[in-house]
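Novice: See structure_11.cif below, with mmCIF, C-alpha atoms and all ligand atoms.
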```
data_my_file
#
loop_
_atom_site.label_atom_id
_atom_site.label_comp_id
_atom_site.auth_asym_id
_atom_site.auth_seq_id
_atom_site.Cartn_x
_atom_site.Cartn_y
_atom_site.Cartn_z
CA MET V 1 13.71 -45.32 7.60
CA ARG V 2 10.90 -42.93 6.89
CA VAL V 3 10.94 -41.62 10.44
CA VAL V 4 14.71 -41.21 10.35
CA LEU V 5 14.45 -39.40 7.04
CA SER V 6 11.69 -37.06 8.15
CA SER V 7 13.49 -36.22 11.37
CA LEU V 8 16.60 -35.58 9.30
CA VAL V 9 14.61 -33.21 7.09
CA LEU V 10 13.16 -31.57 10.18
CA SER V 11 16.53 -30.95 11.80
CA LEU V 12 17.85 -29.69 8.49
CA LEU V 13 14.97 -27.23 8.27
CA LEU V 14 15.62 -26.17 11.84
CA LEU V 15 19.29 -25.65 11.05
CA LEU V 16 18.35 -23.66 7.96
CA SER V 17 16.00 -21.47 9.95
CA LEU V 18 18.72 -20.86 12.52
CA PHE V 19 21.19 -19.77 9.90
CA SER V 20 18.97 -17.64 7.68
CA PRO V 21 18.64 -14.30 9.46
CA ARG V 22 16.13 -12.95 6.94
CA VAL V 23 12.68 -14.43 7.00
CA GLN V 24 10.60 -14.33 3.84
CA ALA V 25 9.18 -10.91 3.27
CA HIS V 26 5.41 -10.64 3.27
CA PHE V 27 3.76 -8.24 0.86
CA GLN V 28 0.20 -7.04 0.72
CA LEU V 29 -0.87 -6.97 -2.90
CA LEU V 30 -3.18 -4.23 -4.15
CA ILE V 31 -3.00 -4.66 -7.90
CA PRO V 32 -5.39 -2.88 -10.25
CA SER V 33 -6.31 -4.14 -13.72
CA ALA V 34 -5.02 -0.85 -15.16
CA ASP V 35 -2.81 1.93 -13.84
CA ILE V 36 -3.38 4.58 -16.50
CA VAL V 37 -6.85 4.89 -18.00
CA ALA V 38 -7.49 7.13 -20.99
CA THR V 39 -10.90 8.62 -21.85
CA ASP V 40 -11.43 6.09 -24.64
CA GLU V 41 -10.64 3.10 -22.40
CA SER V 42 -12.90 1.08 -20.13
CA PRO V 43 -13.46 2.89 -16.82
CA ARG V 44 -14.16 -0.39 -15.03
CA ILE V 45 -11.25 -1.34 -12.75
CA GLU V 46 -10.71 -4.52 -10.82
CA LEU V 47 -8.40 -4.53 -7.78
CA LYS V 48 -6.96 -7.70 -6.30
CA MET V 49 -5.80 -7.97 -2.70
CA ILE V 50 -3.68 -10.96 -1.77
CA PHE V 51 -1.26 -11.28 1.13
CA THR V 52 1.70 -13.13 -0.27
CA HIS V 53 5.36 -13.36 -1.24
CA PRO V 54 5.35 -11.80 -4.71
CA VAL V 55 8.74 -12.92 -6.01
CA GLU V 56 8.31 -16.53 -4.91
CA GLY V 57 4.64 -16.58 -5.93
CA GLY V 58 3.48 -17.80 -2.51
CA PRO V 59 2.55 -19.22 -0.15
CA HIS V 60 -0.42 -16.89 0.21
CA MET V 61 -1.48 -16.03 3.75
CA ASP V 62 -5.07 -15.94 5.00
CA MET V 63 -6.47 -12.39 4.92
CA GLY V 64 -9.31 -11.60 7.27
CA HIS V 65 -11.85 -8.98 6.26
CA PRO V 66 -9.88 -5.75 5.72
CA GLN V 67 -10.40 -2.98 8.26
CA LEU V 68 -10.80 -0.44 5.47
CA PHE V 69 -10.60 -0.17 1.71
CA GLY V 70 -11.01 3.22 0.14
CA VAL V 71 -10.06 5.73 -2.49
CA MET V 72 -9.04 9.37 -2.35
CA VAL V 73 -9.83 11.54 -5.38
CA ARG V 74 -9.15 15.29 -5.42
CA GLY V 75 -8.62 15.30 -1.67
CA LYS V 76 -11.89 13.49 -0.91
CA ARG V 77 -11.79 10.06 0.73
CA GLN V 78 -14.46 7.50 0.02
CA ASP V 79 -14.95 4.26 1.97
CA LEU V 80 -15.25 1.40 -0.51
CA SER V 81 -15.24 -1.42 2.06
CA SER V 82 -18.75 -2.49 1.06
CA SER V 83 -17.46 -3.35 -2.42
CA LEU V 84 -15.02 -5.98 -1.10
CA GLN V 85 -15.63 -9.51 -2.30
CA GLU V 86 -14.03 -12.53 -0.71
CA MET V 87 -11.98 -14.92 -2.86
CA LYS V 88 -10.77 -18.34 -1.78
CA ILE V 89 -7.39 -19.23 -3.20
CA PRO V 90 -5.05 -22.13 -2.44
CA ALA V 91 -2.17 -21.07 -0.18
CA THR V 92 0.11 -23.24 -2.30
CA PRO V 93 -0.80 -25.23 -5.45
CA GLY V 94 -3.27 -27.87 -4.21
CA GLY V 95 -2.92 -26.57 -0.65
CA PRO V 96 -5.51 -25.34 1.86
CA LEU V 97 -7.71 -22.42 0.84
CA VAL V 98 -7.06 -18.97 2.27
CA ARG V 99 -9.00 -15.74 1.97
CA ALA V 100 -8.08 -12.95 -0.41
CA TRP V 101 -10.19 -10.02 -1.62
CA ARG V 102 -11.19 -8.24 -4.78
CA ALA V 103 -13.18 -5.17 -5.64
CA GLU V 104 -14.49 -3.42 -8.71
CA TYR V 105 -14.52 0.31 -9.16
CA LEU V 106 -15.96 2.52 -11.85
CA LEU V 107 -13.82 5.55 -12.64
CA ARG V 108 -16.05 8.57 -13.14
CA ARG V 109 -13.84 11.57 -12.73
CA PRO V 110 -10.51 12.67 -14.18
CA GLY V 111 -7.62 12.77 -11.75
CA ASP V 112 -5.45 10.52 -9.66
CA HIS V 113 -7.23 7.83 -7.69
CA LEU V 114 -5.31 6.88 -4.55
CA PHE V 115 -6.60 3.47 -3.50
CA TYR V 116 -5.69 2.33 -0.01
CA LEU V 117 -6.16 -0.84 1.97
CA ILE V 118 -5.90 -1.31 5.72
CA PRO V 119 -5.80 -5.07 6.28
CA GLN V 120 -6.28 -6.75 9.62
CA PRO V 121 -3.07 -7.31 11.56
CA TYR V 122 -1.77 -10.76 10.62
CA PHE V 123 -0.25 -12.90 13.37
CA GLU V 124 2.96 -14.52 12.15
CA PRO V 125 3.86 -17.33 14.56
CA ALA V 126 7.25 -17.90 12.87
CA GLU V 127 8.31 -14.39 13.81
CA GLY V 128 6.32 -13.98 17.02
CA LYS V 129 4.72 -10.77 15.87
CA PHE V 130 1.82 -9.15 14.08
CA ILE V 131 2.22 -7.65 10.63
CA GLN V 132 -0.07 -4.98 9.24
CA GLN V 133 0.73 -3.55 5.83
CA ILE V 134 -1.19 -0.43 4.93
CA THR V 135 -1.07 -0.44 1.16
CA LYS V 136 -1.55 2.13 -1.56
CA VAL V 137 -1.73 2.18 -5.35
CA VAL V 138 -2.44 5.13 -7.64
CA ILE V 139 -4.54 4.97 -10.81
CA ASN V 140 -4.38 7.90 -13.18
CA ALA V 141 -7.74 8.55 -14.83
CA PHE V 142 -8.67 10.44 -17.98
CA GLY V 143 -5.53 12.54 -18.36
CA ALA V 144 -5.64 14.68 -15.22
CA GLU V 145 -2.34 14.14 -13.41
CA GLU V 146 -3.30 15.57 -10.08
CA GLY V 147 -3.28 14.30 -6.53
CA TRP V 148 -0.65 11.52 -6.50
CA ASP V 149 1.63 13.47 -4.12
CA LYS V 150 -1.07 14.19 -1.51
CA PRO V 151 -1.05 12.15 1.71
CA VAL V 152 -4.16 10.10 2.38
CA GLY V 153 -3.44 10.41 6.11
CA LEU V 154 -2.84 6.72 6.79
CA LYS V 155 -1.10 5.51 9.96
CA ALA V 156 1.75 4.25 7.79
CA GLU V 157 2.13 5.74 4.34
CA ILE V 158 4.62 6.20 1.52
CA ILE V 159 4.28 9.57 -0.16
CA PRO V 160 5.67 9.30 -3.69
CA LEU V 161 8.28 11.92 -4.58
CA THR V 162 8.37 10.50 -8.09
CA ARG V 163 5.01 10.47 -9.87
CA PRO V 164 3.99 6.83 -9.33
CA TYR V 165 2.77 6.15 -12.89
CA GLY V 166 4.15 6.69 -16.37
CA LEU V 167 7.43 5.08 -15.33
CA TRP V 168 9.94 3.35 -17.59
CA ALA V 169 12.02 0.39 -16.50
CA GLY V 170 15.27 1.96 -15.29
CA ASN V 171 13.61 5.03 -13.78
CA THR V 172 14.42 5.91 -10.19
CA PHE V 173 11.53 5.93 -7.76
CA ARG V 174 11.71 8.08 -4.61
CA GLY V 175 9.36 8.01 -1.67
CA LEU V 176 8.93 9.60 1.74
CA VAL V 177 7.92 7.23 4.53
CA LEU V 178 5.50 8.56 7.14
CA ILE V 179 4.67 6.52 10.22
CA ASP V 180 2.04 8.20 12.40
CA GLY V 181 2.32 11.20 10.11
CA LYS V 182 6.02 11.70 10.86
CA PRO V 183 9.01 10.96 8.59
CA ALA V 184 10.61 7.62 9.47
CA PRO V 185 14.44 7.90 9.22
CA ASN V 186 16.82 4.94 8.99
CA ILE V 187 14.23 2.21 8.59
CA GLU V 188 14.34 -0.69 6.16
CA VAL V 189 12.34 -0.69 2.96
CA GLU V 190 11.90 -4.08 1.34
CA VAL V 191 11.52 -4.27 -2.43
CA GLU V 192 9.92 -7.06 -4.45
CA PHE V 193 8.33 -7.43 -7.88
CA LEU V 194 5.23 -9.33 -8.90
CA ASN V 195 6.84 -12.37 -10.45
CA ASN V 196 4.28 -13.46 -13.03
CA ARG V 197 6.95 -14.66 -15.47
CA GLY V 198 8.40 -17.37 -13.24
CA LEU V 199 11.80 -15.68 -12.91
CA THR V 200 14.24 -17.45 -10.60
CA PRO V 201 16.48 -15.21 -8.48
CA PRO V 202 20.14 -16.35 -8.60
CA ALA V 203 20.48 -16.29 -4.79
CA GLU V 204 18.37 -15.60 -1.73
CA PRO V 205 19.28 -11.89 -1.28
CA PHE V 206 17.71 -11.22 -4.70
CA ILE V 207 14.25 -12.32 -3.55
CA THR V 208 13.78 -9.28 -1.35
CA GLN V 209 16.03 -6.32 -1.96
CA VAL V 210 16.56 -4.01 0.99
CA ILE V 211 17.14 -0.27 1.05
CA LYS V 212 16.97 2.18 3.94
CA THR V 213 15.39 5.55 4.41
CA ASP V 214 17.76 8.46 4.98
CA ALA V 215 17.68 10.94 7.88
CA GLN V 216 14.60 12.58 6.28
CA GLY V 217 12.72 9.31 5.84
CA ILE V 218 13.31 9.27 2.07
CA PHE V 219 14.33 6.28 -0.02
CA SER V 220 15.15 5.83 -3.68
CA TYR V 221 15.33 2.80 -5.95
CA SER V 222 16.06 2.31 -9.64
CA ILE V 223 13.61 -0.12 -11.21
CA PRO V 224 15.58 -2.74 -13.18
CA TRP V 225 12.81 -4.08 -15.44
CA ALA V 226 9.17 -3.65 -16.35
CA GLY V 227 6.33 -4.89 -14.18
CA TRP V 228 4.68 -4.21 -10.84
CA TRP V 229 7.09 -3.32 -8.02
CA ALA V 230 6.33 -2.93 -4.32
CA PHE V 231 8.07 -1.04 -1.57
CA SER V 232 7.36 -1.99 2.02
CA ALA V 233 8.72 0.34 4.69
CA LEU V 234 8.98 -1.57 7.97
CA GLY V 235 7.69 0.50 10.86
CA GLU V 236 6.68 -0.16 14.44
CA GLY V 237 3.11 -0.01 15.64
CA GLY V 238 3.27 -0.88 19.34
CA GLU V 239 1.88 -4.15 20.70
CA LEU V 240 -1.19 -6.30 20.18
CA ASP V 241 -2.73 -9.08 22.21
CA HIS V 242 -2.75 -12.69 21.05
CA ASN V 243 -4.13 -15.43 23.34
CA GLY V 244 -3.48 -13.25 26.40
CA LYS V 245 0.10 -12.45 25.44
CA LYS V 246 1.46 -9.24 23.99
CA TYR V 247 3.31 -9.28 20.68
CA PRO V 248 4.92 -6.44 18.71
CA LEU V 249 3.06 -5.07 15.70
CA GLU V 250 5.15 -4.48 12.59
CA LEU V 251 3.30 -1.59 10.94
CA ASP V 252 4.39 -1.29 7.34
CA ALA V 253 3.68 1.23 4.61
CA VAL V 254 3.43 -0.36 1.17
CA ILE V 255 3.11 1.20 -2.27
CA TRP V 256 2.83 -0.54 -5.66
CA ILE V 257 4.08 1.05 -8.85
CA ARG V 258 4.20 -0.20 -12.42
CA ALA V 259 7.16 0.28 -14.75
CA TYR V 260 6.74 -0.10 -18.51
CA PRO V 261 9.18 -1.75 -20.90
CA LEU V 262 11.37 0.53 -22.99
CA PRO V 263 9.85 1.21 -26.43
CA GLN V 264 10.86 -0.91 -29.40
CA GLY V 265 14.05 0.34 -31.01
CA VAL V 266 15.48 1.82 -27.81
CA LYS V 267 18.65 0.29 -26.41
CU CU B 301 4.19 -15.47 4.74
#
```
Translate the structure described by the file into structure tokens.
Specialist:
Amino acid sequence: MRVVLSSLVLSLLLLLSLFSPRVQAHFQLLIPSADIVATDESPRIELKMIFTHPVEGGPHMDMGHPQLFGVMVRGKRQDLSSSLQEMKIPATPGGPLVRAWRAEYLLRRPGDHLFYLIPQPYFEPAEGKFIQQITKVVINAFGAEEGWDKPVGLKAEIIPLTRPYGLWAGNTFRGLVLIDGKPAPNIEVEVEFLNNRGLTPPAEPFITQVIKTDAQGIFSYSIPWAGWWAFSALGEGGELDHNGKKYPLELDAVIWIRAYPLPQGVK
């Protein structure tokens, strides 16, 4: 009976996988403990890096040691890779442990801090490809609103056309997608939010929303509620080797932004 049941479940799963054209979207988290830091606030920032499915809350994927973690302030890039600390977290509640990363950073200078993370390419057997999500988040420090619109020069990068902090829920965010330094027209941009309130989407298409870049490589999205939101522009990065076979590399540009709730008394 048990065997029959489990094979039934298996064939059901197989059927499901055949009929769901969208696979779960992966998102590289790069979430700071604060996004706007005033002069009278603590300059100590913690950044968490988890490779996961933010709306569903998991499962988390194993993250090898990142290729690079850094920050750009006033046009100067600084390698912060030596500050990375490994964390072991369960992939699912009670499940096997996977690697994630964290870092601390002390803000010293006023201005926008563009943090960026280049993770190792992740081999996704379910999709027969590698995924590498180069991820960015901007922290505004001590009142100087300068630098957020400058490219870091990453292989895949979203340049914000809307200042990526000081956003209300309902604001429209616009970004320019650059892959290999060139605008990426007509590519998909997946959108998810960090679901730390246990919200349940009413149907599968709500888990990952999908928009496309226009002919200039620009996308726009109106943020429906407060929280951390991520945009992942799906690019192509050639091929990589895995056990002697070549697989395509999905090279994505990710940016995280935080929207604030509307003030009390506003409708
Ligand atoms: Cu996954």
Novice: At a cut-off of 8 Å and counting all atoms listed in the file, what residues surround ligand CU 301 (chain B)? Please answer as a PyMOL selection string.
Specialist: chain V and resi 24-26+51-53+58-61+124
Novice: How far is it from atom CA of V:Leu251 to atom CA of V:Leu80, in Å with one decimal?
Specialist: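 It comes out at 22.0 Å.
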Novice: With distances taken over all atoms listed in the file, which residue among V:Met63, V:Ile139, V:Val55, V:Met72 lies nearest V:Ile207?
Specialist: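 Selected residue with least distance to V:Ile207: V:Val55.
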Novice: Between atom CA of V:Ala226 and atom CA of V:Leu106, what distance in Å does the model show, to one decimal?
Specialist: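 Separation between atom CA of V:Ala226 and atom CA of V:Leu106: 26.3 Å.
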Novice: Would you kindly return, as a PyMOL selection string, each protein, DNA or RNA residue with an atom no farther than 10 Å from any atom of V:Glu145, considering only C-alpha atoms and excluding same-chain residues fewer than 5 positions away?
Specialist: chain V and resi 110-113+139-140+163+165
Novice: Kindly list the centre and edge lengths in Å, rounded to one decimal, for the axis-aligned box that covers all listed atoms of stretch 112-119 of chain V plus 5 Å on each of its six sides, as JSON.
Specialist:
```
{"center_x": -6.3, "center_y": 2.7, "center_z": -1.7, "size_x": 11.9, "size_y": 25.6, "size_z": 25.9}
```
Novice: Calculate how many Å separate atom CA of V:Val210 from atom CA of V:Val137, rounding to one decimal.
Specialist: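 It comes out at 20.3 Å.
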